[in-house]
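Single-structure report; data block below.
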Amino acid sequence: MTLVCVDNVHKAFGDLEVLKGINLSVAQGEVVAIIGRSGSGKSTLLRCLNQLEKHDSGQITIADKKLDAASMSPKELSENVGMVFQSFNLFPHKTVGENVCLAPIVVRGEGKADVEKIAHEVLEKVGLSDKYDAYPAQLSGGQQQRVAIARALAMRPKVMLCDEVTSALDPELVGEVLRVLETLAAEGMTLILVTHEMSFARDVADRVVFMHEGRIHEEGAPGELFAAPQTAELKQFISAVL
Amino acid sequence: MGPTLDFLTLLPYVSELLKGLTTTVILTVVTTLTGLALAVVVAYMRANAQPWVRWGLGGYVELTRNTPFIVQLFFIFFGLPGLGIKIDAITAAFIAMTLNLAAYSAEILRAGISATAKGQLEAGRALGMTTLQSYRHVVLVPAFARVYPALISQSIIVMLGSAVVSQISVFDLTYAANFIQSRNFRSFEVYLLITLIYLLLAFGMRRSFMLVGKRVFAYQQGEQR
Ligand SMILES: Nc1ncnc2c1ncn2[C@@H]1O[C@H](COP(=O)(O)OP(=O)(O)O)[C@@H](O)[C@H]1O
Ligand SMILES: [Mg+2]
């Protein structure tokens with residue numbers, strides 16, 4: 001079943017055309033890794049998927065519902081799409097527990113006791129249930145990013161977007177975050193992740209999408225794509241990053 | 001050699017001094033709260049409201065920051081009755097002080113808000129929060145924390161500036177001093193005394209602000225990494 005459908009999406013910033021007609025469909029439970037050079041439009045595509053950027057033309061649907069301000073409220077959007085950022089973006093003045101509970105309480109209007117129960121569950125899932133009352137500044141980068149994942153999970157989105165979620169981390173902290181994503185993937189969560197971790201893309205993704213100059217240049221199962229890239233650009237990219 | 005200092009001459013006027021002090025303290029406490037609250041609203045609207053609202057608020061802020069406080073006070077107390085709006089002196093003082101503090105503090109807060117990482121607002125939006133919800137739950141406390149020292153100073157400036165409300169016959173601390181020295185002709189003693197009292201009030205205010213800040217911004221303690 002198709003969960004996310006991107007149909008001929010264009011996006012420009014002024015004169016700079018960043019997305020030049022993206023077509024992508026992601027099935028329920030699928031893990032899609034987006035790779036590509038810096039500036040190729042990966043983040044912009046992800047940001048269009050939760051409307052942090054409004055696409056200029058084309059259509060994006062999630063569970064067959066159009067995703068634009070007219071058809072989907074911010075609340076509804078947040079119940080469909082969760083996002084984890086490169087720079088964590090935890091709320092520094094709130095404890096780990098409060099970070100996780102805030103949106104379910106404020107946006108979904110759920111009861112505090114119910115939400116706290118969910119918060120403990122999602123923090124358990126990312127291995128941080130003992131940090132419930134800590135402030136973000138008291139955590140390592142890897143722990144902060146795992147809290148950010150838990151925070152997004154607490155809204156129970158249908159699909160999670162991850163934009164280079166390990167790029168800001170010290171190398172020794174990357175593994176703990178990737179393991180959490182791997183667990184989510186194994187549990188059937190639909191994931192769309194921009195990543196520079198090629199081995200992770202190869203091992204965990206069902207499909208790898210290579211973006212180049214605002215277009216999807218090549219895509220396929222990770223095994224085939226990495227073993228036998230078809231285009232010169234992907235060959236060059238792979239030899240540069242591996 | 002002039003006459004010697006004699007603070008005992010102030011003794012008969014303790015009740016006037018207390019009355020004046022009480023007025024100054026109440027004026028200060030209330031207008032600090034209302035002024036800062038209004039500043040939050042103004043700062044939010046200047047960033048997010050309709051263009052004509054922003055424009056109007058910008059006018060209010062600039063007008064307030066570029067005219068003398070005493071003129072603002074006179075305008076409200078003596079000028080507005082010309083438009084048929086009559087208010088008593090103490091109310092005029094409350095309004096003038098609130099509007100004054102709010103204008104300066106809104107500008108200070110604006111700096112604190114715009115320094116808030118764009119990522120914080122985006123995280124709020126990605127979680128489904130409206131701009132208002134993001135301001136309230138995400139932006140406001142760190143913005144306050146960032147500019148807190150400037151807000152403390154501004155609030156103290158307004159407290160000290162409240163001395164001019166004696167000019168519209170609000171019985172504040174300065175009014176009490178004027179009143180007393182006109183009776184006992186001991187201006188040196190009485191003004192020395194209220195100078196010390198203002199000084200203590202300023203210290204006390206700073207201290208109270210610090211205590212509140214320590215609790216509200218507790219998350220900043222023990223920051224590591
Ligand atoms: N808000 C923006 N305003 C103007 N240009 C932008 C904006 N966001 C991204 N860009 C530009 O769009 C291009 C693609 O950026 P991005 O999607 O972040 O690429 P990637 O994530 O693949 O590195 C870059 O040239 C970038 O400078
Ligand atoms: Mg990017």
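Numbering starts fresh at 1 for the residues of each chain in the structure tokens, the chains themselves are lettered A, B, ... in the order given, and ligands are numbered from 1 as they appear.
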
At most 10 Å to chain B: residues in chain A, only C-alpha atoms, as an MDAnalysis selection string: chainID A and resid 47 50:52 73:79 81:95 99 102:104 106:108 134:141 148 151:152 154:155 157

Would you mind exporting the chosen residues as a short mmCIF file (atom, residue, chain, number, x, y, z; two decimals), in the first residue's frame, restricted to N, CA and C atoms?
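Listed below is the output, selection-v9.cif:
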```cif
data_model
loop_
_atom_site.label_atom_id
_atom_site.label_comp_id
_atom_site.auth_asym_id
_atom_site.auth_seq_id
_atom_site.Cartn_x
_atom_site.Cartn_y
_atom_site.Cartn_z
N ARG A 47 11.69 18.61 3.57
CA ARG A 47 10.96 19.71 4.19
C ARG A 47 9.62 19.97 3.49
N ASN A 50 6.87 17.71 4.96
CA ASN A 50 6.08 18.12 6.13
C ASN A 50 5.77 19.62 6.08
N GLN A 51 5.90 20.16 4.89
CA GLN A 51 5.44 21.52 4.62
C GLN A 51 6.18 22.60 5.40
N LEU A 52 7.39 22.29 5.86
CA LEU A 52 8.24 23.39 6.34
C LEU A 52 8.58 24.28 5.15
N SER A 73 -4.66 20.35 8.17
CA SER A 73 -4.27 21.28 9.23
C SER A 73 -2.89 20.90 9.77
N PRO A 74 -2.22 21.85 10.42
CA PRO A 74 -0.92 21.52 11.01
C PRO A 74 -1.01 20.34 11.97
N LYS A 75 -2.12 20.27 12.70
CA LYS A 75 -2.30 19.18 13.65
C LYS A 75 -2.36 17.84 12.92
N GLU A 76 -3.21 17.81 11.88
CA GLU A 76 -3.37 16.58 11.12
C GLU A 76 -2.05 16.18 10.46
N LEU A 77 -1.36 17.19 9.93
CA LEU A 77 -0.07 16.93 9.29
C LEU A 77 0.90 16.28 10.28
N SER A 78 0.90 16.82 11.51
CA SER A 78 1.86 16.31 12.50
C SER A 78 1.49 14.90 12.95
N GLU A 79 0.24 14.51 12.75
CA GLU A 79 -0.14 13.14 13.10
C GLU A 79 0.20 12.16 11.98
N VAL A 81 3.07 12.95 9.71
CA VAL A 81 4.49 13.05 9.42
C VAL A 81 5.26 13.54 10.64
N GLY A 82 6.28 12.81 11.03
CA GLY A 82 7.17 13.27 12.09
C GLY A 82 8.52 13.58 11.49
N MET A 83 9.26 14.48 12.16
CA MET A 83 10.56 14.82 11.58
C MET A 83 11.63 14.90 12.66
N VAL A 84 12.81 14.42 12.31
CA VAL A 84 13.97 14.54 13.19
C VAL A 84 15.03 15.31 12.41
N PHE A 85 15.61 16.31 13.09
CA PHE A 85 16.52 17.23 12.41
C PHE A 85 17.98 16.88 12.71
N GLN A 86 18.84 17.39 11.86
CA GLN A 86 20.28 17.21 12.08
C GLN A 86 20.71 17.79 13.42
N SER A 87 20.15 18.96 13.76
CA SER A 87 20.61 19.67 14.96
C SER A 87 19.69 19.43 16.17
N PHE A 88 19.04 18.30 16.23
CA PHE A 88 18.19 17.85 17.36
C PHE A 88 17.00 18.78 17.60
N ASN A 89 17.30 20.08 17.85
CA ASN A 89 16.25 21.05 18.13
C ASN A 89 15.37 20.68 19.31
N LEU A 90 15.98 20.13 20.33
CA LEU A 90 15.20 19.91 21.56
C LEU A 90 14.93 21.26 22.20
N PHE A 91 13.88 21.34 22.99
CA PHE A 91 13.56 22.58 23.68
C PHE A 91 14.40 22.64 24.95
N PRO A 92 15.33 23.59 25.03
CA PRO A 92 16.35 23.54 26.10
C PRO A 92 15.77 23.76 27.50
N HIS A 93 14.62 24.45 27.57
CA HIS A 93 14.07 24.78 28.89
C HIS A 93 13.11 23.73 29.38
N LYS A 94 12.96 22.66 28.63
CA LYS A 94 12.05 21.60 29.06
C LYS A 94 12.84 20.32 29.29
N THR A 95 12.39 19.56 30.29
CA THR A 95 13.06 18.29 30.54
C THR A 95 12.78 17.34 29.39
N ASN A 99 9.73 17.61 26.86
CA ASN A 99 9.94 17.69 25.41
C ASN A 99 9.04 16.69 24.69
N LEU A 102 5.06 17.55 25.27
CA LEU A 102 4.49 18.84 24.91
C LEU A 102 3.48 18.78 23.77
N ALA A 103 3.90 18.27 22.62
CA ALA A 103 3.01 18.29 21.46
C ALA A 103 1.75 17.42 21.64
N PRO A 104 1.89 16.21 22.17
CA PRO A 104 0.65 15.44 22.38
C PRO A 104 -0.35 16.18 23.26
N VAL A 106 -0.39 19.70 23.90
CA VAL A 106 -0.79 21.00 23.34
C VAL A 106 -1.51 20.84 22.00
N VAL A 107 -0.98 19.97 21.15
CA VAL A 107 -1.53 19.87 19.79
C VAL A 107 -2.69 18.87 19.73
N ARG A 108 -2.50 17.71 20.34
CA ARG A 108 -3.55 16.69 20.26
C ARG A 108 -4.56 16.81 21.38
N ALA A 134 15.86 14.76 33.07
CA ALA A 134 17.08 15.52 32.75
C ALA A 134 16.76 16.63 31.74
N TYR A 135 17.59 17.66 31.75
CA TYR A 135 17.46 18.70 30.72
C TYR A 135 18.35 18.34 29.53
N PRO A 136 17.99 18.78 28.33
CA PRO A 136 18.77 18.44 27.14
C PRO A 136 20.26 18.73 27.31
N ALA A 137 20.59 19.86 27.94
CA ALA A 137 22.00 20.24 28.04
C ALA A 137 22.80 19.25 28.89
N GLN A 138 22.09 18.41 29.64
CA GLN A 138 22.80 17.43 30.47
C GLN A 138 23.06 16.13 29.73
N LEU A 139 22.62 16.08 28.46
CA LEU A 139 22.76 14.84 27.69
C LEU A 139 23.83 14.97 26.63
N SER A 140 24.35 13.84 26.21
CA SER A 140 25.28 13.84 25.07
C SER A 140 24.48 14.06 23.78
N GLY A 141 25.20 14.37 22.72
CA GLY A 141 24.53 14.58 21.43
C GLY A 141 23.71 13.38 20.98
N ALA A 148 14.99 13.35 20.56
CA ALA A 148 14.26 13.97 19.45
C ALA A 148 13.46 12.92 18.68
N ARG A 151 10.51 12.09 20.81
CA ARG A 151 9.54 13.20 20.76
C ARG A 151 8.68 13.10 19.51
N ALA A 152 9.32 12.80 18.38
CA ALA A 152 8.55 12.66 17.14
C ALA A 152 7.63 11.43 17.22
N ALA A 154 6.18 10.19 19.75
CA ALA A 154 5.06 10.38 20.69
C ALA A 154 3.81 10.90 19.98
N MET A 155 3.99 11.51 18.81
CA MET A 155 2.82 11.95 18.04
C MET A 155 2.25 10.82 17.19
N PRO A 157 3.27 9.32 14.36
CA PRO A 157 3.13 9.63 12.93
C PRO A 157 3.15 8.36 12.08
#
```

Within 9 Å of ligand 2 (only C-alpha atoms and all ligand atoms), residues as a list in words: Ser38, Gly39, Ser40, Gly41, Lys42, Ser43, Thr44, Leu46, Gln86, Asp163, Glu164 and Val194 of chain A

With N, CA, C and O atoms kept, could you save the residues just selected as an mmCIF file, in the first residue's frame?
```cif
data_model
loop_
_atom_site.group_PDB
_atom_site.id
_atom_site.type_symbol
_atom_site.label_atom_id
_atom_site.label_comp_id
_atom_site.auth_asym_id
_atom_site.auth_seq_id
_atom_site.Cartn_x
_atom_site.Cartn_y
_atom_site.Cartn_z
ATOM 1 N N SER A 38 25.776 17.365 -1.540
ATOM 2 C CA SER A 38 25.262 18.535 -0.840
ATOM 3 C C SER A 38 24.708 19.531 -1.861
ATOM 4 O O SER A 38 25.336 19.779 -2.883
ATOM 5 N N GLY A 39 23.524 20.056 -1.583
ATOM 6 C CA GLY A 39 22.911 21.014 -2.499
ATOM 7 C C GLY A 39 22.042 20.388 -3.572
ATOM 8 O O GLY A 39 21.483 21.088 -4.404
ATOM 9 N N SER A 40 21.886 19.065 -3.530
ATOM 10 C CA SER A 40 21.105 18.421 -4.585
ATOM 11 C C SER A 40 19.593 18.487 -4.327
ATOM 12 O O SER A 40 18.811 18.075 -5.174
ATOM 13 N N GLY A 41 19.204 18.999 -3.157
ATOM 14 C CA GLY A 41 17.777 19.188 -2.889
ATOM 15 C C GLY A 41 17.168 18.171 -1.932
ATOM 16 O O GLY A 41 15.949 18.141 -1.748
ATOM 17 N N LYS A 42 18.017 17.380 -1.269
ATOM 18 C CA LYS A 42 17.503 16.336 -0.374
ATOM 19 C C LYS A 42 16.698 16.928 0.784
ATOM 20 O O LYS A 42 15.576 16.502 1.068
ATOM 21 N N SER A 43 17.295 17.921 1.455
ATOM 22 C CA SER A 43 16.595 18.520 2.592
ATOM 23 C C SER A 43 15.314 19.206 2.145
ATOM 24 O O SER A 43 14.279 19.114 2.820
ATOM 25 N N THR A 44 15.386 19.889 1.026
ATOM 26 C CA THR A 44 14.207 20.600 0.541
ATOM 27 C C THR A 44 13.065 19.621 0.275
ATOM 28 O O THR A 44 11.908 19.889 0.628
ATOM 29 N N LEU A 46 12.596 16.705 1.736
ATOM 30 C CA LEU A 46 12.096 16.264 3.036
ATOM 31 C C LEU A 46 11.229 17.347 3.683
ATOM 32 O O LEU A 46 10.179 17.073 4.250
ATOM 33 N N GLN A 86 18.844 17.395 11.862
ATOM 34 C CA GLN A 86 20.279 17.209 12.077
ATOM 35 C C GLN A 86 20.714 17.790 13.421
ATOM 36 O O GLN A 86 21.519 17.215 14.137
ATOM 37 N N ASP A 163 16.549 13.924 8.634
ATOM 38 C CA ASP A 163 17.468 14.665 7.773
ATOM 39 C C ASP A 163 18.873 14.660 8.364
ATOM 40 O O ASP A 163 19.179 15.440 9.256
ATOM 41 N N GLU A 164 19.697 13.773 7.877
ATOM 42 C CA GLU A 164 21.095 13.677 8.328
ATOM 43 C C GLU A 164 21.194 13.699 9.848
ATOM 44 O O GLU A 164 21.928 14.492 10.424
ATOM 45 N N VAL A 194 17.420 11.017 4.845
ATOM 46 C CA VAL A 194 18.583 11.530 4.116
ATOM 47 C C VAL A 194 19.795 11.144 4.941
ATOM 48 O O VAL A 194 19.829 11.392 6.151
#
```

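On the backbone of this structure, DSSP gives strand (DSSP E) within segment 192-242 of chain A to Ile192, Leu193, Val194, Arg207, Val208, Val209, Phe210, Met211, His212, Arg215, Ile216, His217, Glu218, Glu219 and Gly220 of chain A.
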
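You can rank A:Leu153, A:Val165, A:Val180, A:Ala221 by their closest distance to ligand 1 using only C-alpha atoms and all ligand atoms, and at the top of that list sits A:Val165.
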
9 Å contact set for Leu151 of chain B, only C-alpha atoms, chain neighbours under 5 positions out, as a ChimeraX atom specification: /B:36,104-105,108-109,144,156

Dump all heavy atoms for the selected residues as a PDB file, in the first residue's frame?
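In the end it all went to part18.pdb:
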```pdb
ATOM      1  N   LEU B  36       5.618  44.060  31.496  1.00  0.00           N
ATOM      2  CA  LEU B  36       6.301  42.933  30.852  1.00  0.00           C
ATOM      3  C   LEU B  36       5.297  42.053  30.102  1.00  0.00           C
ATOM      4  O   LEU B  36       5.587  41.553  29.011  1.00  0.00           O
ATOM      5  CB  LEU B  36       7.089  42.121  31.885  1.00  0.00           C
ATOM      6  CG  LEU B  36       8.307  42.846  32.483  1.00  0.00           C
ATOM      7  CD1 LEU B  36       9.020  41.962  33.497  1.00  0.00           C
ATOM      8  CD2 LEU B  36       9.284  43.292  31.402  1.00  0.00           C
ATOM      9  N   TYR B 104       9.825  49.684  25.797  1.00  0.00           N
ATOM     10  CA  TYR B 104      11.252  49.339  25.845  1.00  0.00           C
ATOM     11  C   TYR B 104      11.449  47.826  25.903  1.00  0.00           C
ATOM     12  O   TYR B 104      12.304  47.263  25.211  1.00  0.00           O
ATOM     13  CB  TYR B 104      11.914  49.979  27.069  1.00  0.00           C
ATOM     14  CG  TYR B 104      12.249  51.444  26.887  1.00  0.00           C
ATOM     15  CD1 TYR B 104      11.391  52.434  27.342  1.00  0.00           C
ATOM     16  CD2 TYR B 104      13.422  51.830  26.252  1.00  0.00           C
ATOM     17  CE1 TYR B 104      11.687  53.784  27.173  1.00  0.00           C
ATOM     18  CE2 TYR B 104      13.731  53.161  26.081  1.00  0.00           C
ATOM     19  CZ  TYR B 104      12.859  54.140  26.547  1.00  0.00           C
ATOM     20  OH  TYR B 104      13.158  55.452  26.366  1.00  0.00           O
ATOM     21  N   SER B 105      10.649  47.180  26.747  1.00  0.00           N
ATOM     22  CA  SER B 105      10.839  45.735  26.936  1.00  0.00           C
ATOM     23  C   SER B 105      10.471  44.957  25.679  1.00  0.00           C
ATOM     24  O   SER B 105      11.061  43.912  25.404  1.00  0.00           O
ATOM     25  CB  SER B 105      10.003  45.239  28.111  1.00  0.00           C
ATOM     26  OG  SER B 105      10.313  45.979  29.256  1.00  0.00           O
ATOM     27  N   ILE B 108      13.471  44.941  23.619  1.00  0.00           N
ATOM     28  CA  ILE B 108      14.471  44.037  24.190  1.00  0.00           C
ATOM     29  C   ILE B 108      14.099  42.581  23.886  1.00  0.00           C
ATOM     30  O   ILE B 108      14.917  41.787  23.438  1.00  0.00           O
ATOM     31  CB  ILE B 108      14.588  44.254  25.717  1.00  0.00           C
ATOM     32  CG1 ILE B 108      15.124  45.659  26.008  1.00  0.00           C
ATOM     33  CG2 ILE B 108      15.476  43.195  26.348  1.00  0.00           C
ATOM     34  CD1 ILE B 108      15.066  46.049  27.474  1.00  0.00           C
ATOM     35  N   LEU B 109      12.816  42.263  24.110  1.00  0.00           N
ATOM     36  CA  LEU B 109      12.344  40.895  23.889  1.00  0.00           C
ATOM     37  C   LEU B 109      12.467  40.482  22.433  1.00  0.00           C
ATOM     38  O   LEU B 109      12.769  39.337  22.109  1.00  0.00           O
ATOM     39  CB  LEU B 109      10.880  40.783  24.306  1.00  0.00           C
ATOM     40  CG  LEU B 109      10.596  40.292  25.715  1.00  0.00           C
ATOM     41  CD1 LEU B 109       9.095  40.246  25.931  1.00  0.00           C
ATOM     42  CD2 LEU B 109      11.192  38.895  25.915  1.00  0.00           C
ATOM     43  N   PHE B 144      13.269  35.079  27.021  1.00  0.00           N
ATOM     44  CA  PHE B 144      13.360  35.821  28.286  1.00  0.00           C
ATOM     45  C   PHE B 144      14.719  35.605  28.942  1.00  0.00           C
ATOM     46  O   PHE B 144      15.359  36.547  29.396  1.00  0.00           O
ATOM     47  CB  PHE B 144      12.254  35.373  29.250  1.00  0.00           C
ATOM     48  CG  PHE B 144      11.137  36.377  29.384  1.00  0.00           C
ATOM     49  CD1 PHE B 144       9.976  36.253  28.639  1.00  0.00           C
ATOM     50  CD2 PHE B 144      11.258  37.459  30.254  1.00  0.00           C
ATOM     51  CE1 PHE B 144       8.955  37.180  28.751  1.00  0.00           C
ATOM     52  CE2 PHE B 144      10.250  38.384  30.374  1.00  0.00           C
ATOM     53  CZ  PHE B 144       9.084  38.247  29.622  1.00  0.00           C
ATOM     54  N   ILE B 156      13.950  48.432  36.477  1.00  0.00           N
ATOM     55  CA  ILE B 156      14.467  49.296  37.545  1.00  0.00           C
ATOM     56  C   ILE B 156      14.449  50.760  37.093  1.00  0.00           C
ATOM     57  O   ILE B 156      14.078  51.654  37.863  1.00  0.00           O
ATOM     58  CB  ILE B 156      15.886  48.847  37.960  1.00  0.00           C
ATOM     59  CG1 ILE B 156      15.792  47.503  38.690  1.00  0.00           C
ATOM     60  CG2 ILE B 156      16.537  49.897  38.869  1.00  0.00           C
ATOM     61  CD1 ILE B 156      17.125  46.881  39.038  1.00  0.00           C
TER      62      ILE B 156
END
```

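In this comparison, which uses only C-alpha atoms, the residue of A:Val115, A:Met72, A:Ile34, A:Val159 approaching Thr195 of chain A most closely is A:Ile34.
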
Exercise: segment 22-33 of chain B partners within 9 Å, only C-alpha atoms, chain neighbours under 6 positions left out, as a PyMOL selection string: chain B and resi 90+93-95+97-99+101-102+155-156+158-159+162-163+170-174+201

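Restricting the calculation to only C-alpha atoms and all ligand atoms, the smallest distance between ligand 1 and any of A:Glu218, A:Asp203, A:Asp56, A:Glu213 is found for A:Glu213.
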
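For the pair atom CA of Ser71 of chain A and atom CA of Val53 of chain B, the separation is 28.6 Å.
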
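Interatomic distance, atom CA of Cys101 of chain A to atom CA of Ile149 of chain A: 12.7 Å.
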
DSSP alpha helix (DSSP H) residues within segment 191-226 of chain A, listed as a PyMOL selection string: chain A and resi 198-204+222-226
